[in-house]
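**Q** Sending over a structure as C-alpha cells; questions will come in a sec.
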Amino acid sequence: MNVLILSGSVFGTAEEVARHAERLLREAGLQTLHKPRGELAELLEFPTQAILAVISTTGVGELPDAFQPLFHSIRDQLPAAWRGLPGAVIGLGDAAYGDTFCAGGEQLRELFGELGVHEVLPMLRLDASETVTPESDAEPWLAQFIAAVSA
C-alpha cells in the first residue's frame with residue numbers, strides 16, 4: 001500500500017505529526033511519500049493508493065500559507081488518479097477559536113469530497129489547548145487508519 005501524506009503547518013507541529021505518522025506507517029509495512037513543499041506534478045508521480053492529510057489552521061480558519069498553493073492546484077485540477085482512494089485527515093487547531101477550530105482540516109475534508117476520496121475515519125481533531133504531545137495523541141487514530149487502508 002502506497003500512502004501519500006499531505007501536510008501543512010504554521011509553527012511546525014503539523015509537520016511533526018506528519019513525520020511521526022510517516023514513521024508509524026512505514027513500521028507497519030506501508031510505503032509513503034511525504035514532501036511538505038512538494039508540487040502537485042511531483043506528488044502525482046507517486047503511485048498513490050491512499051491519502052493522509054495533516055493540516056493546521058491559522059488566522060481565522062485558514063490553511064497555512066505554505067500549503068495554499070498545493071491546495072489550490074489540487075482543487076483546480078482534481079487529479080483523476082486520486083478519485084475513489086481511501087483517505088483521512090488529521091486537523092490541528094485550538095478550540096479557543098470556537099467555530100474556526102480545525103477549519104483547515106475541514107477544508108481538506110471538503111476537497112477530499114470533491115476528489116471522491118473515501119473517508120475511512122472521521123477527522124482527528126488535535127486541540128493545542130489540551131495537548132502538548134500531538135504526535136503520541138494521534139497514535140491510536142493512526143493505528144485505526146493503518147488498519148483501514150491495509151484491509
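Each chain in the C-alpha cells gets a letter, A, B and so on, in the order shown; residues start at 1 in every chain, and ligands are counted from 1 in the order they appear.
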Using only C-alpha atoms, which residues sit within 12 Å of Gly98 (chain A) once same-chain residues fewer than 3 positions away are excluded, as a ChimeraX atom specification?
**A** /A:60-61,93-95,101-103,127,129
**Q** Please report, as CSV, each residue of region 129-151 of chain A lying at most 12 Å from region 4-15 of chain A, together with the nearest pair of atoms and the separation in Å rounded to one decimal; use only C-alpha atoms, and order rows by chain and ascending residue number.
**A**
residue,atom,partner,partner_atom,distance
A:Thr131,CA,A:Thr13,CA,11.5
A:Val132,CA,A:Thr13,CA,10.0
A:Thr133,CA,A:Thr13,CA,9.6
A:Pro134,CA,A:Thr13,CA,7.9
A:Glu135,CA,A:Thr13,CA,8.6
A:Ala138,CA,A:Ala14,CA,11.1
A:Val149,CA,A:Leu4,CA,11.8
**Q** I need the residues in chain A that are helix (DSSP H, G or I) according to DSSP; give them as a count of residues only.
**A** 71
**Q** What is the distance between CA of Glu16 (chain A) and CA of Gly29 (chain A), in Å to one decimal?
**A**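 These two atoms are separated by 20.2 Å.
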**Q** Write out as a Markdown table the residues of region 119-148 of chain A that have any atom within 12 Å of an atom of region 19-22 of chain A, one row each with the nearest atom pair and its distance in Å to one decimal, counting only C-alpha atoms, sorted by chain and then rising number.
**A**
| residue | atom | partner | partner_atom | distance |
| --- | --- | --- | --- | --- |
| A:Thr133 | CA | A:His20 | CA | 11.3 |
| A:Pro134 | CA | A:His20 | CA | 9.8 |
| A:Glu135 | CA | A:His20 | CA | 6.3 |
| A:Ser136 | CA | A:His20 | CA | 8.5 |
| A:Asp137 | CA | A:His20 | CA | 10.9 |
| A:Ala138 | CA | A:Ala21 | CA | 8.2 |
| A:Glu139 | CA | A:Ala21 | CA | 7.8 |
| A:Pro140 | CA | A:Ala21 | CA | 10.9 |
| A:Trp141 | CA | A:Ala21 | CA | 10.1 |
| A:Leu142 | CA | A:Ala21 | CA | 6.9 |
| A:Ala143 | CA | A:Ala21 | CA | 9.5 |
| A:Gln144 | CA | A:Ala21 | CA | 11.9 |
| A:Phe145 | CA | A:Ala21 | CA | 10.0 |
| A:Ile146 | CA | A:Ala21 | CA | 9.8 |
**Q** Export, as a CSV table (one decimal), in the first residue's frame, the selected residues with N, CA and C atoms.
**A**
chain,number,residue,atom,x,y,z
A,133,THR,N,1.5,16.9,23.4
A,133,THR,CA,2.1,15.7,22.7
A,133,THR,C,1.2,15.3,21.6
A,134,PRO,N,1.0,16.1,20.6
A,134,PRO,CA,0.0,15.7,19.5
A,134,PRO,C,0.5,14.5,18.7
A,135,GLU,N,1.8,14.3,18.6
A,135,GLU,CA,2.3,13.1,17.9
A,135,GLU,C,1.8,11.8,18.6
A,136,SER,N,2.0,11.7,19.9
A,136,SER,CA,1.6,10.5,20.6
A,136,SER,C,0.0,10.5,20.7
A,137,ASP,N,-0.6,11.6,20.8
A,137,ASP,CA,-2.1,11.6,20.9
A,137,ASP,C,-2.7,11.1,19.6
A,138,ALA,N,-2.0,11.2,18.5
A,138,ALA,CA,-2.5,10.7,17.2
A,138,ALA,C,-2.3,9.2,17.0
A,139,GLU,N,-1.5,8.6,17.8
A,139,GLU,CA,-1.2,7.2,17.6
A,139,GLU,C,-2.3,6.2,17.5
A,140,PRO,N,-3.3,6.3,18.5
A,140,PRO,CA,-4.4,5.4,18.4
A,140,PRO,C,-5.2,5.5,17.1
A,141,TRP,N,-5.5,6.8,16.7
A,141,TRP,CA,-6.2,7.1,15.5
A,141,TRP,C,-5.4,6.6,14.3
A,142,LEU,N,-4.0,6.8,14.3
A,142,LEU,CA,-3.2,6.3,13.2
A,142,LEU,C,-3.2,4.8,13.1
A,143,ALA,N,-3.3,4.1,14.2
A,143,ALA,CA,-3.4,2.6,14.2
A,143,ALA,C,-4.7,2.2,13.5
A,144,GLN,N,-5.8,3.0,13.7
A,144,GLN,CA,-7.0,2.7,13.0
A,144,GLN,C,-6.9,3.0,11.5
A,145,PHE,N,-6.2,4.1,11.2
A,145,PHE,CA,-6.0,4.4,9.8
A,145,PHE,C,-5.2,3.3,9.1
A,146,ILE,N,-4.2,2.9,9.7
A,146,ILE,CA,-3.3,1.8,9.1
A,146,ILE,C,-4.2,0.6,8.9
**Q** Residues at most 12 Å from His72 (chain A), counting only C-alpha atoms, excluding those fewer than 3 positions away in the same chain, as JSON, numbers by chain?
**A** {"A": [39, 40, 63, 65, 66, 67, 68, 69, 75, 76, 77, 78, 79, 107, 108, 111]}
**Q** Generate the output file for the selected residues, N, CA and C atoms, as a PDB file, in the first residue's frame.
**A**
ATOM      1  N   GLU A  39       5.193  19.842  -5.088  1.00  0.00           N
ATOM      2  CA  GLU A  39       4.222  20.384  -6.036  1.00  0.00           C
ATOM      3  C   GLU A  39       3.369  19.235  -6.557  1.00  0.00           C
ATOM      4  N   LEU A  40       2.186  19.559  -7.036  1.00  0.00           N
ATOM      5  CA  LEU A  40       1.237  18.539  -7.442  1.00  0.00           C
ATOM      6  C   LEU A  40       1.815  17.581  -8.478  1.00  0.00           C
ATOM      7  N   LEU A  63      -5.977  27.929   5.856  1.00  0.00           N
ATOM      8  CA  LEU A  63      -4.883  26.982   5.656  1.00  0.00           C
ATOM      9  C   LEU A  63      -3.556  27.710   5.821  1.00  0.00           C
ATOM     10  N   ASP A  65      -0.103  29.337   4.972  1.00  0.00           N
ATOM     11  CA  ASP A  65       0.317  29.987   3.725  1.00  0.00           C
ATOM     12  C   ASP A  65       1.100  29.061   2.813  1.00  0.00           C
ATOM     13  N   ALA A  66       2.030  28.293   3.369  1.00  0.00           N
ATOM     14  CA  ALA A  66       2.888  27.432   2.551  1.00  0.00           C
ATOM     15  C   ALA A  66       2.113  26.295   1.892  1.00  0.00           C
ATOM     16  N   PHE A  67       0.950  25.939   2.430  1.00  0.00           N
ATOM     17  CA  PHE A  67       0.155  24.838   1.877  1.00  0.00           C
ATOM     18  C   PHE A  67      -0.847  25.308   0.826  1.00  0.00           C
ATOM     19  N   GLN A  68      -1.172  26.586   0.834  1.00  0.00           N
ATOM     20  CA  GLN A  68      -2.216  27.088  -0.057  1.00  0.00           C
ATOM     21  C   GLN A  68      -1.958  26.837  -1.540  1.00  0.00           C
ATOM     22  N   PRO A  69      -0.722  27.009  -2.061  1.00  0.00           N
ATOM     23  CA  PRO A  69      -0.522  26.734  -3.489  1.00  0.00           C
ATOM     24  C   PRO A  69      -0.854  25.289  -3.872  1.00  0.00           C
ATOM     25  N   ARG A  75      -7.336  21.520  -5.976  1.00  0.00           N
ATOM     26  CA  ARG A  75      -8.728  21.928  -6.198  1.00  0.00           C
ATOM     27  C   ARG A  75      -8.983  22.263  -7.668  1.00  0.00           C
ATOM     28  N   ASP A  76      -8.019  22.928  -8.307  1.00  0.00           N
ATOM     29  CA  ASP A  76      -8.209  23.329  -9.701  1.00  0.00           C
ATOM     30  C   ASP A  76      -8.126  22.145 -10.661  1.00  0.00           C
ATOM     31  N   GLN A  77      -7.278  21.167 -10.342  1.00  0.00           N
ATOM     32  CA  GLN A  77      -7.056  20.057 -11.269  1.00  0.00           C
ATOM     33  C   GLN A  77      -7.841  18.792 -10.916  1.00  0.00           C
ATOM     34  N   LEU A  78      -8.229  18.624  -9.655  1.00  0.00           N
ATOM     35  CA  LEU A  78      -8.938  17.428  -9.194  1.00  0.00           C
ATOM     36  C   LEU A  78      -8.368  16.164  -9.850  1.00  0.00           C
ATOM     37  N   PRO A  79      -7.152  15.780  -9.462  1.00  0.00           N
ATOM     38  CA  PRO A  79      -6.477  14.661 -10.120  1.00  0.00           C
ATOM     39  C   PRO A  79      -7.311  13.375 -10.151  1.00  0.00           C
ATOM     40  N   GLN A 107     -11.442  22.095   5.511  1.00  0.00           N
ATOM     41  CA  GLN A 107     -11.241  22.446   4.100  1.00  0.00           C
ATOM     42  C   GLN A 107     -10.662  21.270   3.331  1.00  0.00           C
ATOM     43  N   LEU A 108      -9.756  20.524   3.972  1.00  0.00           N
ATOM     44  CA  LEU A 108      -9.188  19.333   3.324  1.00  0.00           C
ATOM     45  C   LEU A 108     -10.250  18.259   3.155  1.00  0.00           C
ATOM     46  N   LEU A 111     -12.288  19.182   0.215  1.00  0.00           N
ATOM     47  CA  LEU A 111     -11.545  18.923  -1.013  1.00  0.00           C
ATOM     48  C   LEU A 111     -11.528  17.425  -1.309  1.00  0.00           C
TER      49      LEU A 111
END
**Q** Name the residues of region 60-130 of chain A that come out as strand (DSSP E) in a backbone DSSP run; write them as a list in words.
**A** Pro86, Gly87, Ala88, Val89, Ile90, Gly91, Leu92, Gly93, His118, Glu119, Leu124, Arg125, Leu126 and Asp127 of chain A
**Q** My list of candidates is A:Leu124, A:Leu70, A:Ala18, A:Ala151. Which is closest to Ile90 (chain A) when distances are computed with only C-alpha atoms?
**A**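 Among A:Leu124, A:Leu70, A:Ala18, A:Ala151, it is A:Leu124 that comes nearest to Ile90 (chain A).
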